[in-house]
$ cat structure.csv   # CSV, C-alpha atoms and all ligand atoms
chain,number,residue,atom,x,y,z
A,66,MET,CA,63.3,57.0,35.3
A,67,ALA,CA,63.0,54.2,32.7
A,68,SER,CA,59.4,53.0,32.0
A,69,LEU,CA,57.6,50.8,29.6
A,70,ALA,CA,56.2,52.9,26.7
A,71,LEU,CA,53.7,52.0,24.0
A,72,VAL,CA,53.5,54.0,20.8
A,73,THR,CA,50.7,53.3,18.3
A,74,GLY,CA,51.2,53.8,14.5
A,75,ALA,CA,54.9,53.4,15.2
A,76,ASN,CA,56.2,51.8,12.0
A,77,ARG,CA,56.7,55.1,10.2
A,78,GLY,CA,56.5,58.9,10.4
A,79,ILE,CA,56.0,60.6,13.8
A,80,GLY,CA,55.2,57.4,15.6
A,81,LEU,CA,58.5,55.8,14.6
A,82,ALA,CA,60.4,59.0,15.6
A,83,ILE,CA,58.7,59.0,19.0
A,84,ALA,CA,59.4,55.3,19.6
A,85,HIS,CA,63.1,55.8,18.9
A,86,ALA,CA,63.3,59.0,21.0
A,87,LEU,CA,61.8,57.3,24.0
A,88,LYS,CA,64.1,54.3,23.5
A,89,ALA,CA,67.1,56.8,23.4
A,90,ASP,CA,65.9,58.1,26.8
A,91,GLY,CA,66.3,54.6,28.2
A,92,HIS,CA,62.6,53.6,28.2
A,93,SER,CA,61.6,50.1,27.1
A,94,VAL,CA,59.5,50.8,24.0
A,95,VAL,CA,56.8,48.7,22.3
A,96,ALA,CA,56.1,49.9,18.8
A,97,ALA,CA,52.5,49.0,17.8
A,98,TYR,CA,52.1,48.7,14.1
A,99,ARG,CA,49.1,47.8,11.9
A,100,SER,CA,50.7,46.7,8.6
A,101,GLY,CA,54.0,46.1,6.9
A,102,PRO,CA,57.1,44.7,8.5
A,103,ALA,CA,57.6,45.3,12.2
A,104,PRO,CA,59.8,48.4,12.8
A,105,GLU,CA,63.5,47.3,13.2
A,106,GLY,CA,65.3,47.5,16.5
A,107,LEU,CA,62.2,47.8,18.6
A,108,GLN,CA,59.9,45.5,20.5
A,109,SER,CA,56.7,45.4,18.6
A,110,VAL,CA,53.1,44.2,18.6
A,111,LEU,CA,50.4,44.2,15.9
A,112,MET,CA,47.5,46.6,16.7
A,113,ASP,CA,44.7,48.1,14.5
A,114,VAL,CA,43.2,50.9,16.6
A,115,THR,CA,39.9,50.6,14.7
A,116,SER,CA,39.3,47.2,16.4
A,117,THR,CA,38.6,46.9,20.1
A,118,GLN,CA,39.6,43.2,19.9
A,119,SER,CA,42.9,44.1,18.2
A,120,VAL,CA,43.7,46.8,20.8
A,121,ASP,CA,42.8,44.5,23.8
A,122,GLU,CA,44.7,41.5,22.4
A,123,ALA,CA,47.8,43.7,21.8
A,124,PHE,CA,47.7,45.0,25.4
A,125,ASP,CA,47.2,41.4,26.7
A,126,SER,CA,50.3,40.4,24.7
A,127,ILE,CA,52.3,43.4,25.9
A,128,GLU,CA,51.4,42.8,29.6
A,129,ALA,CA,52.3,39.1,29.3
A,130,GLN,CA,55.7,39.8,27.7
A,131,TRP,CA,56.9,43.0,29.1
A,132,GLY,CA,54.5,44.3,31.8
A,133,ILE,CA,52.1,47.2,32.1
A,134,PRO,CA,52.8,50.1,29.7
A,135,GLU,CA,53.2,53.3,31.7
A,136,ILE,CA,53.7,55.8,28.9
A,137,ILE,CA,51.0,55.6,26.2
A,138,VAL,CA,51.4,57.6,23.0
A,139,ALA,CA,48.2,57.4,20.9
A,140,ASN,CA,49.7,58.5,17.6
A,141,ALA,CA,48.0,56.4,14.9
A,142,GLY,CA,46.0,58.5,12.5
A,143,ILE,CA,44.7,59.0,9.0
A,144,THR,CA,43.4,61.7,6.7
A,145,LYS,CA,40.6,61.5,4.1
A,146,ASP,CA,40.5,65.1,2.9
A,147,GLY,CA,37.8,66.5,0.7
A,148,LEU,CA,35.5,69.4,0.3
A,149,VAL,CA,32.5,69.1,2.6
A,150,MET,CA,29.9,68.9,-0.2
A,151,ARG,CA,31.7,65.8,-1.5
A,152,MET,CA,32.6,64.2,1.8
A,153,LEU,CA,30.8,60.9,2.2
A,154,ASP,CA,29.6,59.6,5.6
A,155,SER,CA,32.2,56.9,5.3
A,156,ASP,CA,35.0,59.5,4.8
A,157,PHE,CA,33.8,61.2,8.0
A,158,GLU,CA,33.2,58.1,10.0
A,159,SER,CA,36.4,56.3,9.2
A,160,VAL,CA,38.6,59.3,10.2
A,161,ILE,CA,36.7,59.6,13.5
A,162,ASP,CA,37.0,55.9,14.0
A,163,ALA,CA,40.8,55.8,13.6
A,164,ASN,CA,41.8,59.1,15.1
A,165,LEU,CA,39.3,59.6,17.9
A,166,THR,CA,37.6,56.3,18.7
A,167,GLY,CA,40.9,54.6,18.1
A,168,ALA,CA,42.7,56.8,20.7
A,169,PHE,CA,39.8,56.1,23.1
A,170,ARG,CA,40.1,52.3,22.7
A,171,VAL,CA,43.8,52.6,23.4
A,172,ALA,CA,43.5,55.0,26.4
A,173,ARG,CA,40.6,53.1,27.9
A,174,ARG,CA,42.5,49.8,27.8
A,175,ALA,CA,45.7,51.5,29.0
A,176,SER,CA,43.9,53.0,32.0
A,177,MET,CA,43.3,49.6,33.5
A,178,GLY,CA,47.0,49.2,33.9
A,179,LEU,CA,47.7,52.8,34.9
A,180,LEU,CA,45.1,52.7,37.6
A,181,LYS,CA,46.9,49.6,39.1
A,182,LEU,CA,50.3,51.3,38.8
A,183,LYS,CA,48.9,54.6,40.2
A,184,ARG,CA,51.1,56.5,37.7
A,185,GLY,CA,51.4,57.1,34.0
A,186,ARG,CA,51.2,59.3,31.0
A,187,LEU,CA,48.5,59.4,28.3
A,188,ILE,CA,49.8,61.4,25.4
A,189,PHE,CA,47.5,62.0,22.4
A,190,VAL,CA,48.9,63.2,19.1
A,191,GLY,CA,46.4,65.9,18.0
A,192,SER,CA,46.9,68.6,15.4
A,193,VAL,CA,46.9,72.4,15.1
A,194,VAL,CA,43.8,72.1,12.9
A,195,ALA,CA,41.8,71.1,16.0
A,196,ALA,CA,42.0,74.8,17.0
A,197,THR,CA,42.2,76.5,13.6
A,198,GLY,CA,40.0,74.3,11.5
A,199,ALA,CA,41.1,73.5,7.9
A,200,ALA,CA,39.2,73.7,4.6
A,201,GLY,CA,39.0,70.1,3.2
A,202,GLN,CA,39.5,68.6,6.6
A,203,VAL,CA,36.1,68.7,8.4
A,204,ASN,CA,36.4,65.1,9.4
A,205,TYR,CA,40.1,65.3,10.5
A,206,ALA,CA,39.7,68.6,12.4
A,207,ALA,CA,36.6,67.1,14.2
A,208,SER,CA,38.6,64.0,15.2
A,209,LYS,CA,41.5,66.0,16.5
A,210,SER,CA,39.4,68.6,18.5
A,211,GLY,CA,37.5,65.6,19.9
A,212,LEU,CA,40.8,64.4,21.3
A,213,VAL,CA,41.2,67.6,23.3
A,214,GLY,CA,37.9,67.1,25.2
A,215,MET,CA,38.7,63.4,25.6
A,216,ALA,CA,42.3,64.0,27.0
A,217,ARG,CA,41.0,66.6,29.4
A,218,SER,CA,38.2,64.2,30.6
A,219,PHE,CA,40.9,61.5,31.2
A,220,ALA,CA,42.9,64.1,33.1
A,221,ARG,CA,40.0,64.9,35.4
A,222,GLU,CA,38.8,61.3,35.8
A,223,ILE,CA,42.1,59.6,36.6
A,224,GLY,CA,44.4,62.5,37.5
A,225,SER,CA,44.1,61.8,41.3
A,226,ARG,CA,46.0,58.5,40.6
A,227,GLY,CA,49.1,60.3,39.4
A,228,ILE,CA,48.2,59.9,35.7
A,229,THR,CA,48.6,62.8,33.3
A,230,SER,CA,46.8,63.2,30.0
A,231,ASN,CA,47.9,65.7,27.4
A,232,VAL,CA,47.7,66.4,23.7
A,233,ILE,CA,50.7,67.3,21.5
A,234,ALA,CA,49.4,69.4,18.6
A,235,PRO,CA,51.8,69.3,15.7
A,236,GLY,CA,51.6,71.7,12.7
A,237,PHE,CA,52.8,70.5,9.4
A,238,VAL,CA,55.4,67.7,9.8
A,239,GLU,CA,57.5,66.1,7.1
A,240,THR,CA,56.0,62.6,6.8
A,241,ASP,CA,54.1,60.4,4.3
A,242,MET,CA,50.9,62.3,5.4
A,243,THR,CA,52.2,65.6,4.0
A,244,SER,CA,54.2,64.2,1.1
A,245,LYS,CA,51.0,64.2,-0.9
A,246,LEU,CA,51.1,68.0,-1.0
A,247,ASP,CA,52.4,69.5,-4.3
A,248,GLU,CA,55.3,72.0,-4.3
A,249,LYS,CA,53.0,75.1,-4.8
A,250,ARG,CA,50.9,74.1,-1.8
A,251,ARG,CA,53.9,73.4,0.3
A,252,LYS,CA,55.3,76.9,-0.4
A,253,GLU,CA,51.9,78.5,0.5
A,254,ILE,CA,51.8,76.6,3.7
A,255,SER,CA,55.4,77.4,4.6
A,256,SER,CA,54.9,81.0,4.0
A,257,SER,CA,51.9,81.0,6.5
A,258,ILE,CA,54.0,79.4,9.2
A,259,PRO,CA,55.8,82.0,11.4
A,260,LEU,CA,58.9,79.8,11.5
A,261,GLY,CA,58.7,79.4,7.7
A,262,ARG,CA,59.1,75.7,7.4
A,263,PHE,CA,57.6,72.3,8.1
A,264,CYS,CA,58.6,70.4,11.3
A,265,SER,CA,60.6,67.2,11.5
A,266,ALA,CA,59.2,64.2,13.1
A,267,SER,CA,62.0,64.2,15.7
A,268,GLU,CA,61.0,67.7,16.8
A,269,ILE,CA,57.6,66.3,17.7
A,270,ALA,CA,59.3,63.4,19.4
A,271,ASP,CA,61.4,65.7,21.5
A,272,VAL,CA,58.2,67.3,23.0
A,273,VAL,CA,56.7,63.8,23.7
A,274,ARG,CA,59.9,62.7,25.5
A,275,PHE,CA,59.6,65.8,27.8
A,276,ILE,CA,55.9,65.1,28.5
A,277,ALA,CA,56.8,61.5,29.2
A,278,SER,CA,59.6,62.6,31.6
A,279,PRO,CA,59.4,63.0,35.4
A,280,GLU,CA,60.0,66.8,34.9
A,281,ALA,CA,56.5,67.0,33.3
A,282,ALA,CA,54.7,65.4,36.2
A,283,TYR,CA,52.6,68.5,37.0
A,284,ILE,CA,51.4,69.1,33.4
A,285,THR,CA,48.0,67.6,32.6
A,286,GLY,CA,44.9,68.5,30.5
A,287,ALA,CA,47.2,70.6,28.3
A,288,VAL,CA,47.4,71.0,24.5
A,289,ILE,CA,51.0,71.6,23.7
A,290,PRO,CA,51.5,73.2,20.3
A,291,VAL,CA,54.5,72.2,18.2
A,292,ASP,CA,53.6,74.0,15.0
A,293,GLY,CA,56.1,76.7,14.3
A,294,GLY,CA,53.6,79.3,15.5
A,295,LEU,CA,50.8,78.4,13.1
A,296,GLY,CA,48.2,78.2,15.8
A,297,MET,CA,49.7,81.0,17.9
A,298,GLY,CA,49.6,78.9,21.1
A,299,HIS,CA,46.2,77.4,20.7
B,1,LIG,P1,51.8,58.7,8.6
B,1,LIG,O1,50.7,58.7,7.6
B,1,LIG,O2,53.2,58.9,8.2
B,1,LIG,O3,51.7,57.4,9.6
B,1,LIG,C1,50.4,57.1,10.2
B,1,LIG,C2,50.7,56.0,11.1
B,1,LIG,O4,49.4,55.6,11.7
B,1,LIG,C3,51.2,54.7,10.4
B,1,LIG,O5,52.0,54.0,11.2
B,1,LIG,C4,49.8,54.0,10.1
B,1,LIG,O6,50.0,52.6,10.0
B,1,LIG,C5,49.2,54.2,11.5
B,1,LIG,N1,47.7,53.9,11.4
B,1,LIG,C6,46.8,54.5,10.6
B,1,LIG,N2,45.6,53.9,10.8
B,1,LIG,C7,45.8,53.0,11.8
B,1,LIG,C8,45.0,52.0,12.4
B,1,LIG,N3,43.7,51.9,12.1
B,1,LIG,N4,45.5,51.2,13.4
B,1,LIG,C9,46.9,51.3,13.7
B,1,LIG,N5,47.7,52.2,13.1
B,1,LIG,C10,47.2,53.0,12.2
B,1,LIG,O7,51.3,59.9,9.5
B,1,LIG,P2,52.2,60.9,10.5
B,1,LIG,O8,53.3,60.1,11.1
B,1,LIG,O9,52.4,62.1,9.8
B,1,LIG,O10,51.1,61.1,11.6
B,1,LIG,C11,51.1,60.6,12.9
B,1,LIG,C12,50.1,61.3,13.7
B,1,LIG,O11,50.4,62.7,13.8
B,1,LIG,C13,48.6,61.2,13.2
B,1,LIG,O12,47.7,61.1,14.3
B,1,LIG,C14,48.4,62.5,12.5
B,1,LIG,O13,47.1,62.9,12.4
B,1,LIG,C15,49.3,63.4,13.4
B,1,LIG,N6,49.7,64.7,12.7
B,1,LIG,C16,50.5,64.6,11.6
B,1,LIG,C17,50.8,65.8,11.0
B,1,LIG,C18,51.7,65.9,9.8
B,1,LIG,O14,51.8,67.0,9.3
B,1,LIG,N7,52.3,64.8,9.3
B,1,LIG,C19,50.3,67.1,11.6
B,1,LIG,C20,49.5,67.0,12.7
B,1,LIG,C21,49.2,65.8,13.3
B,1,LIG,P3,50.2,51.9,8.5
B,1,LIG,O15,51.6,52.0,8.1
B,1,LIG,O16,49.7,50.5,8.7
B,1,LIG,O17,49.3,52.7,7.6
$ encode --input "structure.csv" --output "structure tokens"
Amino acid sequence: MASLALVTGANRGIGLAIAHALKADGHSVVAAYRSGPAPEGLQSVLMDVTSTQSVDEAFDSIEAQWGIPEIIVANAGITKDGLVMRMLDSDFESVIDANLTGAFRVARRASMGLLKLKRGRLIFVGSVVAATGAAGQVNYAASKSGLVGMARSFAREIGSRGITSNVIAPGFVETDMTSKLDEKRRKEISSSIPLGRFCSASEIADVVRFIASPEAAYITGAVIPVDGGLGMGH
């Protein structure tokens, strides 16, 4: 069944792959982007998830132009890695604000429409480090594990209206976010992954397209790992 989908952070990386995959499945897709040129070949809207005003205005614009988005993919995210003794309050707070509070702003505004429709999918892009932790990523891991409690609370609060809420938890994915890793570190990471390699953005998108599909109607409150075995199912 074709629906209207919204993907945040959809101008590059995993978000762009998800937007194209949902479009390929026949959905009408709105790619939300914060900066740079709008992604080609997709309906798009400007949205900075760190601003409630920006999120609300983007939803107003989407609803006026295309209707109520039914599949919401909260994908936008950042890292500001550093050892904890050197991590500034601002490094911690900005990652929480973008990754966790940002996803909250999006899901809260989206819920208004979903409750009217009495159906929908909230899909949060988390991370394997929510379960495993990661040295140098105290801020990032905290933001991503926060998403799990949040997604499950949405699942309980609005599940009776036919709305599912799940987290997709990628491992290491080939995007700009991981391109900063040097070759030695990449080899170390790959050797710690049971499948022995990084993931492609389209492999994450394939799982999102399933969770967005009617076949996944009875899956909610789940954390779905797509990590090559790194988190061993957590
Ligand atoms: P990229 O760095 O390639 O892209 C991040 C995207 O998020 C960009 O579109 C960026 O927009 C957008 N973004 C960042 N901050 C904001 C904001 N305040 N408002 C709106 N958009 C914003 O990252 P990935 O594609 O790799 O990551 C996508 C998601 O997947 C993130 O949540 C990330 O944490 C998660 N993830 C990634 C993994 C990986 O290995 N790559 C592993 C596990 C999870 P702009 O272009 O304007 O900067």
$ residues_near_ligand --input "structure.csv" --ligand "ligand LIG 1 (chain B)" --cutoff "7 Å" --atoms "only C-alpha atoms and all ligand atoms" --output "ChimeraX atom specification"
/A:73-80,98-101,112-115,140-144,163-164,190-193,234-243
$ closest_residue --input "structure.csv" --among "A:Val72, A:Ser256, A:Ala266, A:Ile223" --to "Ala97 (chain A)" --atoms "all atoms listed in the file"
A:Val72
$ closest_atom_pairs --input "structure.csv" --of "region 162-240 of chain A" --to "region 135-138 of chain A" --cutoff "10 Å" --atoms "only C-alpha atoms" --output "tab-separated table"
residue	atom	partner	partner_atom	distance
A:Ala168	CA	A:Val138	CA	9.0
A:Val171	CA	A:Ile137	CA	8.3
A:Ala172	CA	A:Ile137	CA	7.5
A:Ala175	CA	A:Ile137	CA	7.3
A:Ser176	CA	A:Glu135	CA	9.3
A:Gly178	CA	A:Glu135	CA	7.8
A:Leu179	CA	A:Glu135	CA	6.4
A:Leu182	CA	A:Glu135	CA	7.9
A:Lys183	CA	A:Glu135	CA	9.6
A:Arg184	CA	A:Glu135	CA	7.1
A:Gly185	CA	A:Glu135	CA	4.8
A:Arg186	CA	A:Ile136	CA	4.8
A:Leu187	CA	A:Ile137	CA	5.0
A:Ile188	CA	A:Val138	CA	4.8
A:Phe189	CA	A:Val138	CA	5.9
A:Val190	CA	A:Val138	CA	7.3
A:Ile228	CA	A:Glu135	CA	9.2
A:Thr229	CA	A:Ile136	CA	9.7
A:Ser230	CA	A:Ile137	CA	9.5
A:Asn231	CA	A:Val138	CA	9.9
A:Val232	CA	A:Val138	CA	9.6
A:Ile233	CA	A:Val138	CA	9.8
$ atom_distance --input "structure.csv" --atom1 "CA of His299 (chain A)" --atom2 "CA of Val213 (chain A)"
11.3 Å
$ residues_near_point --input "structure.csv" --point "(37.0, 66.3, 9.1)" --cutoff "8 Å" --atoms "only C-alpha atoms" --output "list in words"
Lys145, Asp146, Phe157, Val160, Gly201, Gln202, Val203, Asn204, Tyr205, Ala206, Ala207 and Ser208 of chain A
$ write_last_selection --input "structure.csv" --atoms "C-alpha atoms" --output "mmCIF file, in the frame of the given file"
data_model
loop_
_atom_site.group_PDB
_atom_site.id
_atom_site.type_symbol
_atom_site.label_atom_id
_atom_site.label_comp_id
_atom_site.auth_asym_id
_atom_site.auth_seq_id
_atom_site.Cartn_x
_atom_site.Cartn_y
_atom_site.Cartn_z
ATOM 1 C CA LYS A 145 40.600 61.500 4.100
ATOM 2 C CA ASP A 146 40.500 65.100 2.900
ATOM 3 C CA PHE A 157 33.800 61.200 8.000
ATOM 4 C CA VAL A 160 38.600 59.300 10.200
ATOM 5 C CA GLY A 201 39.000 70.100 3.200
ATOM 6 C CA GLN A 202 39.500 68.600 6.600
ATOM 7 C CA VAL A 203 36.100 68.700 8.400
ATOM 8 C CA ASN A 204 36.400 65.100 9.400
ATOM 9 C CA TYR A 205 40.100 65.300 10.500
ATOM 10 C CA ALA A 206 39.700 68.600 12.400
ATOM 11 C CA ALA A 207 36.600 67.100 14.200
ATOM 12 C CA SER A 208 38.600 64.000 15.200
#
$ closest_residue --input "structure.csv" --among "A:Val95, A:Ile276, A:Leu148, A:Val120" --to "Thr166 (chain A)" --atoms "all atoms listed in the file"
A:Val120
$ residues_around --input "structure.csv" --residues "Ala67 (chain A)" --least-positions-apart "4" --cutoff "10 Å" --atoms "all atoms listed in the file" --output "list in words"
Leu87, Lys88, Asp90, Gly91, His92, Ser93, Val94, Glu135, Ser278 and Pro279 of chain A
$ atom_distance --input "structure.csv" --atom1 "CA of Arg217 (chain A)" --atom2 "CA of Phe169 (chain A)"
12.3 Å
$ atom_distance --input "structure.csv" --atom1 "CA of Gly198 (chain A)" --atom2 "CA of Val291 (chain A)"
16.1 Å
$ residues_around --input "structure.csv" --residues "Trp131 (chain A)" --least-positions-apart "6" --cutoff "12 Å" --atoms "all atoms listed in the file" --output "list in words"
Ser68, Leu69, Ala70, Leu71, Ser93, Val94, Val95, Gln108, Ser109, Val110, Ala123, Phe124 and Asp125 of chain A
$ closest_residue --input "structure.csv" --among "A:Ala216, A:Ala89, A:Ile83, A:Ile258" --to "Gly296 (chain A)" --atoms "only C-alpha atoms"
A:Ile258
$ closest_residue --input "structure.csv" --among "A:Ala200, A:Lys249, A:Glu268, A:Pro290" --to "Met152 (chain A)" --atoms "all atoms listed in the file"
A:Ala200
$ closest_residue --input "structure.csv" --among "A:Ser257, A:Ile289, A:Leu180, A:Thr117" --to "Val272 (chain A)" --atoms "only C-alpha atoms"
A:Ile289
$ closest_residue --input "structure.csv" --among "A:Ser267, A:Ser159, A:Ser218, A:Leu260" --to "Gly294 (chain A)" --atoms "only C-alpha atoms"
A:Leu260
$ residues_near_point --input "structure.csv" --point "(37.4, 70.6, 18.0)" --cutoff "6 Å" --atoms "only C-alpha atoms" --output "PyMOL selection string"
chain A and resi 195+207+210-211
